[in-house]
$ cat data-v7.cif   # mmCIF, C-alpha atoms
data_input
#
loop_
_atom_site.label_atom_id
_atom_site.label_comp_id
_atom_site.auth_asym_id
_atom_site.auth_seq_id
_atom_site.Cartn_x
_atom_site.Cartn_y
_atom_site.Cartn_z
CA SER A 897 0.00 0.00 0.00
CA MET A 898 1.17 3.52 -0.72
CA PHE A 899 -1.42 5.14 1.56
CA ARG A 900 -2.67 4.69 5.11
CA PRO A 901 -6.37 4.63 6.11
CA SER A 902 -6.01 8.36 6.86
CA ASP A 903 -5.01 8.92 3.18
CA ASP A 904 -1.53 9.98 4.34
CA ALA A 905 1.33 8.53 2.34
CA CYS A 906 3.11 5.50 3.77
CA ILE A 907 6.78 5.78 4.70
CA TYR A 908 7.34 2.11 3.77
CA PRO A 909 5.08 0.18 1.38
CA PHE A 910 4.19 -2.84 3.52
CA PHE A 911 1.55 -1.58 5.95
CA ILE A 912 1.34 -4.23 8.69
CA PRO A 913 -2.15 -3.49 10.16
CA ALA A 914 -3.77 -3.70 6.73
CA ASN A 915 -1.96 -6.94 5.95
CA LEU A 916 -3.18 -8.49 9.21
CA PHE A 917 -6.70 -7.24 8.45
CA ALA A 918 -6.39 -8.85 5.01
CA VAL A 919 -5.49 -12.18 6.64
CA ALA A 920 -8.60 -12.04 8.85
CA SER A 921 -10.81 -11.01 5.91
CA LEU A 922 -9.44 -13.74 3.62
CA ARG A 923 -10.17 -16.37 6.25
CA LYS A 924 -13.73 -15.10 6.64
CA LEU A 925 -14.13 -15.12 2.86
CA ALA A 926 -12.92 -18.74 2.83
CA GLU A 927 -15.66 -19.62 5.34
CA LEU A 928 -18.26 -17.99 3.11
CA ALA A 929 -16.90 -19.77 0.04
CA THR A 930 -17.02 -23.12 1.82
CA GLY A 931 -20.54 -22.64 3.16
CA ALA A 932 -22.78 -20.30 1.22
CA ALA A 933 -21.04 -20.54 -2.15
CA SER A 934 -19.78 -24.15 -2.03
CA ASP A 935 -16.69 -22.98 -3.91
CA GLN A 936 -13.80 -25.04 -2.59
CA LYS A 937 -11.27 -23.56 -5.01
CA LEU A 938 -12.03 -20.03 -3.87
CA ALA A 939 -11.84 -21.15 -0.24
CA SER A 940 -8.50 -22.87 -0.87
CA ASP A 941 -7.08 -19.84 -2.68
CA CYS A 942 -8.19 -17.51 0.13
CA ASN A 943 -6.68 -19.72 2.83
CA ALA A 944 -3.43 -20.08 0.88
CA LEU A 945 -3.05 -16.32 0.44
CA ALA A 946 -3.96 -15.71 4.11
CA ALA A 947 -1.28 -18.20 5.18
CA GLU A 948 1.30 -16.58 2.88
CA VAL A 949 0.63 -13.07 4.20
CA SER A 950 0.46 -14.24 7.84
CA ASP A 951 3.80 -16.01 7.47
CA ALA A 952 5.36 -12.93 5.85
CA VAL A 953 4.17 -10.70 8.71
CA ALA A 954 5.52 -13.15 11.27
CA ARG A 955 8.92 -13.21 9.53
CA HIS A 956 9.28 -9.54 8.64
CA GLY A 957 6.64 -7.47 10.48
CA ILE A 958 7.64 -8.13 14.09
CA VAL A 959 10.48 -6.04 15.50
CA GLU A 960 12.39 -5.80 18.78
CA HIS A 961 11.59 -2.58 20.64
CA PRO A 962 14.11 -1.55 23.34
CA THR A 963 11.36 -0.93 25.90
CA HIS A 964 8.39 -3.07 24.89
CA GLY A 965 10.10 -6.14 23.44
CA LYS A 966 8.77 -7.88 20.35
CA ILE A 967 5.93 -5.85 18.82
CA TYR A 968 4.30 -5.37 15.44
CA ALA A 969 5.90 -2.69 13.29
CA TYR A 970 3.55 -0.19 11.67
CA GLU A 971 5.24 -0.29 8.25
CA ILE A 972 8.20 -2.14 6.76
CA ASP A 973 10.03 -2.14 3.43
CA GLY A 974 10.96 -5.84 3.30
CA TYR A 975 14.68 -5.03 3.54
CA GLY A 976 14.92 -4.70 7.31
CA ASN A 977 13.76 -1.08 7.64
CA HIS A 978 10.64 -0.33 9.66
CA VAL A 979 8.71 2.42 11.41
CA CYS A 980 7.29 2.00 14.92
CA MET A 981 4.20 4.13 15.51
CA ASP A 982 0.43 3.87 15.52
CA ASP A 983 -2.20 6.09 13.96
CA ALA A 984 -5.75 6.71 15.15
CA ASN A 985 -7.36 5.36 11.98
CA ALA A 986 -8.40 1.73 11.50
CA PRO A 987 -6.88 -0.56 10.48
CA GLY A 988 -4.14 0.30 12.93
CA LEU A 989 -2.17 -1.64 15.50
CA LEU A 990 -4.50 -0.79 18.40
CA SER A 991 -7.54 -1.94 16.40
CA LEU A 992 -6.28 -5.45 15.50
CA PRO A 993 -8.66 -7.41 17.83
CA PHE A 994 -11.56 -5.15 16.84
CA LEU A 995 -10.91 -6.15 13.23
CA GLY A 996 -10.69 -9.85 14.10
CA ALA A 997 -6.97 -10.01 13.33
CA CYS A 998 -5.96 -11.36 16.75
CA SER A 999 -7.34 -11.88 20.25
CA ILE A 1000 -7.18 -9.20 22.93
CA SER A 1001 -5.19 -11.59 25.14
CA ASP A 1002 -2.50 -12.31 22.51
CA PRO A 1003 0.82 -11.42 24.23
CA LEU A 1004 2.27 -9.95 21.01
CA TYR A 1005 -0.77 -7.72 20.67
CA GLN A 1006 -0.62 -6.72 24.34
CA ARG A 1007 3.00 -5.62 23.99
CA THR A 1008 2.13 -3.74 20.80
CA ARG A 1009 -0.86 -2.16 22.55
CA GLY A 1010 1.36 -1.07 25.43
CA PHE A 1011 3.68 0.60 22.94
CA ALA A 1012 0.83 2.31 21.04
CA LEU A 1013 -0.57 3.76 24.27
CA SER A 1014 2.76 5.10 25.50
CA LYS A 1015 5.02 8.04 24.83
CA ASP A 1016 7.15 5.72 22.72
CA ASN A 1017 4.46 6.08 20.06
CA PRO A 1018 5.15 9.51 18.53
CA TYR A 1019 1.42 10.04 17.99
CA PHE A 1020 0.23 9.29 21.52
CA PHE A 1021 -0.67 12.59 23.12
CA GLN A 1022 -1.39 13.54 26.74
CA GLY A 1023 -2.87 16.92 27.55
CA LYS A 1024 -5.03 18.75 30.06
CA ALA A 1025 -8.25 17.48 28.50
CA ALA A 1026 -7.41 13.88 27.65
CA GLU A 1027 -4.90 11.35 26.39
CA GLY A 1028 -5.08 9.30 23.24
CA ILE A 1029 -3.70 8.49 19.82
CA GLY A 1030 -3.73 10.99 16.97
CA GLY A 1031 -1.67 10.99 13.81
CA PRO A 1032 0.14 13.05 11.21
CA HIS A 1033 -3.04 13.66 9.18
CA ILE A 1034 -4.16 16.51 11.47
CA GLY A 1035 -0.93 17.16 13.32
CA LEU A 1036 0.72 16.95 16.70
CA GLY A 1037 -1.37 17.39 19.81
CA TYR A 1038 -4.70 16.39 18.27
CA ILE A 1039 -6.38 13.30 19.71
CA TRP A 1040 -8.90 11.31 17.68
CA PRO A 1041 -12.07 10.16 19.52
CA MET A 1042 -12.06 7.16 17.18
CA ALA A 1043 -8.84 5.95 18.83
CA VAL A 1044 -10.38 6.41 22.29
CA MET A 1045 -13.30 4.22 21.19
CA ILE A 1046 -10.96 1.58 19.77
CA ARG A 1047 -9.10 1.58 23.08
CA ALA A 1048 -12.39 0.80 24.83
CA PHE A 1049 -13.30 -1.87 22.27
CA THR A 1050 -9.97 -3.62 22.85
CA SER A 1051 -9.98 -3.54 26.64
CA ASN A 1052 -11.23 -5.99 29.26
CA ASN A 1053 -10.47 -3.55 32.07
CA ASP A 1054 -13.51 -1.74 33.46
CA GLN A 1055 -11.46 1.20 34.71
CA GLU A 1056 -9.86 1.72 31.33
CA ILE A 1057 -13.21 1.53 29.55
CA ARG A 1058 -14.70 3.89 32.13
CA GLN A 1059 -11.94 6.41 31.47
CA CYS A 1060 -12.55 6.16 27.73
CA LEU A 1061 -16.26 6.86 28.21
CA TYR A 1062 -15.45 9.80 30.47
CA THR A 1063 -13.08 11.18 27.83
CA LEU A 1064 -15.61 10.79 25.03
CA ARG A 1065 -18.34 12.43 27.08
CA ASN A 1066 -16.19 15.43 28.00
CA THR A 1067 -14.38 16.24 24.76
CA THR A 1068 -17.19 17.09 22.34
CA GLY A 1069 -16.52 20.82 22.67
CA GLY A 1070 -20.13 21.35 23.72
CA THR A 1071 -21.55 19.88 20.49
CA TYR A 1072 -22.40 16.39 21.84
CA PHE A 1073 -20.99 14.85 18.65
CA MET A 1074 -17.86 12.81 18.09
CA HIS A 1075 -15.36 14.77 16.00
CA GLU A 1076 -12.46 13.73 13.82
CA SER A 1077 -9.98 15.12 16.38
CA PHE A 1078 -9.67 17.60 19.24
CA GLN A 1079 -6.74 19.50 20.68
CA GLN A 1080 -5.34 17.72 23.73
CA ASP A 1081 -5.70 20.79 25.98
CA ASN A 1082 -8.83 22.34 24.46
CA PRO A 1083 -11.70 20.14 23.14
CA LYS A 1084 -13.39 23.20 21.63
CA ASP A 1085 -10.55 23.24 19.11
CA PHE A 1086 -11.70 20.32 16.97
CA THR A 1087 -11.79 19.19 13.34
CA ARG A 1088 -14.93 18.15 11.47
CA ALA A 1089 -18.12 19.28 13.17
CA TRP A 1090 -19.77 16.19 11.70
CA PHE A 1091 -17.79 12.99 11.25
CA ALA A 1092 -20.11 10.07 10.48
CA TRP A 1093 -17.48 7.37 10.96
CA ALA A 1094 -16.71 8.41 14.55
CA ASN A 1095 -20.37 8.95 15.49
CA THR A 1096 -21.32 5.53 14.10
CA LEU A 1097 -18.43 3.85 15.90
CA PHE A 1098 -19.53 5.51 19.13
CA GLY A 1099 -23.02 4.05 18.65
CA GLU A 1100 -21.48 0.62 18.09
CA LEU A 1101 -19.45 0.95 21.30
CA ILE A 1102 -22.53 1.86 23.35
CA LEU A 1103 -24.49 -1.08 21.90
CA LYS A 1104 -21.62 -3.44 22.70
CA LEU A 1105 -21.39 -2.20 26.27
CA ALA A 1106 -25.17 -2.40 26.67
CA THR A 1107 -24.88 -6.10 25.87
CA ASP A 1108 -21.55 -7.05 27.43
CA ASN A 1109 -21.06 -4.61 30.32
CA PRO A 1110 -24.29 -2.69 30.99
CA LYS A 1111 -23.30 -1.71 34.53
CA LEU A 1112 -20.73 0.71 33.13
CA LEU A 1113 -23.42 2.65 31.30
CA ARG A 1114 -25.43 3.05 34.50
CA GLU A 1115 -22.58 4.71 36.39
CA ASP A 1116 -22.39 8.41 37.22
CA PHE A 1117 -19.63 9.95 35.07
CA SER A 1118 -19.83 13.39 36.65
#
$ encode --input "data-v7.cif" --output "structure tokens"
Amino acid sequence: SMFRPSDDACIYPFFIPANLFAVASLRKLAELATGAASDQKLASDCNALAAEVSDAVARHGIVEHPTHGKIYAYEIDGYGNHVCMDDANAPGLLSLPFLGACSISDPLYQRTRGFALSKDNPYFFQGKAAEGIGGPHIGLGYIWPMAVMIRAFTSNNDQEIRQCLYTLRNTTGGTYFMHESFQQDNPKDFTRAWFAWANTLFGELILKLATDNPKLLREDFS
């Protein structure tokens, strides 16, 4: 890929989150081909390509970070060069379990998640209003509510999910909508007054919590 989900240009052409998402999607397509379509050749081709890409990521897309250990790189060039970062958009490293690319409990994912939600990720911002992942698309210091939602989707920790909900509730800049991004110290400084992707994802998060963890939605977030 030459472009990230944000439409920003890649630094290196092998974008690891998208490749892992492709593996998950190919395997789902193989299930459909086996069942609904009864097309064994298509299923076999999908599984073969998924295995090839998965093996390539395992061989080339995992790097040794000096603080976090073995983690997924964000992008690689296939010649040993890589970039370690994460971006708010999906597919991204934080969103891998949400996309069905791995389990939340996968140790490799957990180490990668720890990196993405730390200062070692150049696009993880902490300000007076909130903390969260942004990206180069808007610029430094701008947190994306989408990334806060993905953090909640990929957590089994009630306190972490609670903090995400608190952040989302208090960073709409008085509009009561989810924006593309907001400035880490001033939520009234935001981009996109209406951003359908983020608002829809927020609705999905609330529906998930209503089913899986309804007690959190009944708490007082004042």
$ closest_residue --input "data-v7.cif" --among "A:Ala1043, A:Ala933, A:Ala1012, A:Ile958" --to "Asp982 (chain A)" --atoms "only C-alpha atoms"
A:Ala1012
$ resolve_selection --input "data-v7.cif" --expression "the PyMOL selection byres ((chain A and resi 1028) around 12)" --output "MDAnalysis selection string"
chainID A and resid 982:984 990 1012:1015 1017:1027 1029:1031 1036:1048 1059:1060 1063:1064 1067 1077:1081
$ closest_residue --input "data-v7.cif" --among "A:Ile1034, A:Leu1004, A:Cys998, A:Leu1105" --to "Asn1052 (chain A)" --atoms "all atoms listed in the file"
A:Leu1105
$ residues_around --input "data-v7.cif" --residues "Tyr975 (chain A)" --least-positions-apart "6" --cutoff "12 Å" --atoms "all atoms listed in the file" --output "number ranges by chain"
A: 908-910, 955-957
$ residues_around --input "data-v7.cif" --residues "Pro901 (chain A)" --least-positions-apart "3" --cutoff "8 Å" --atoms "all atoms listed in the file" --output "CSV table (one decimal) with C-alpha atoms, keeping the file's coordinate frame"
chain,number,residue,atom,x,y,z
A,904,ASP,CA,-1.5,10.0,4.3
A,985,ASN,CA,-7.4,5.4,12.0
A,986,ALA,CA,-8.4,1.7,11.5
A,987,PRO,CA,-6.9,-0.6,10.5
$ closest_residue --input "data-v7.cif" --among "A:Leu925, A:Cys942, A:Arg1114, A:Thr1050" --to "Ser1001 (chain A)" --atoms "all atoms listed in the file"
A:Thr1050
$ closest_residue --input "data-v7.cif" --among "A:Lys937, A:His964, A:Arg1088, A:His1033" --to "Glu1076 (chain A)" --atoms "only C-alpha atoms"
A:Arg1088
$ resolve_selection --input "data-v7.cif" --expression "the PyMOL selection byres ((chain A and resi 949-952) around 10)" --output "list in words"
Ile912, Asn915, Leu916, Ala918, Val919, Ala920, Asn943, Ala944, Leu945, Ala946, Ala947, Glu948, Val953, Ala954, Arg955, His956, Gly957, Ile958 and Gly974 of chain A
$ atom_distance --input "data-v7.cif" --atom1 "CA of Asn1095 (chain A)" --atom2 "CA of Gly1070 (chain A)"
14.9 Å
$ residues_around --input "data-v7.cif" --residues "Thr930 (chain A)" --least-positions-apart "4" --cutoff "12 Å" --atoms "all atoms listed in the file" --output "list in words"
Arg923, Lys924, Leu925, Ala926, Ser934, Asp935, Gln936, Lys937, Leu938, Ala939, Ser940, Asp941, Cys942 and Asn943 of chain A
$ atom_distance --input "data-v7.cif" --atom1 "CA of Val959 (chain A)" --atom2 "CA of His978 (chain A)"
8.2 Å
$ closest_residue --input "data-v7.cif" --among "A:Phe1011, A:Phe1049, A:Asp1116, A:Met1074" --to "Ser999 (chain A)" --atoms "all atoms listed in the file"
A:Phe1049
$ atom_distance --input "data-v7.cif" --atom1 "CA of Phe1086 (chain A)" --atom2 "CA of Glu1056 (chain A)"
23.6 Å
$ axis_aligned_box --input "data-v7.cif" --around "region 1057-1070 of chain A" --padding-each-side "6 Å" --output "AutoDock Vina command-line options"
--center_x -16.0 --center_y 11.4 --center_z 27.2 --size_x 20.2 --size_y 31.8 --size_z 21.8
$ resolve_selection --input "data-v7.cif" --expression "the PyMOL selection byres ((chain A and resi 962) around 12)" --output "list in words"
Val959, Glu960, His961, Thr963, His964, Gly965, Lys966, Ile967, Cys980, Arg1007, Phe1011 and Asp1016 of chain A
$ closest_residue --input "data-v7.cif" --among "A:Gly988, A:Ser1051, A:Lys1084, A:Met981" --to "Ile1000 (chain A)" --atoms "all atoms listed in the file"
A:Ser1051
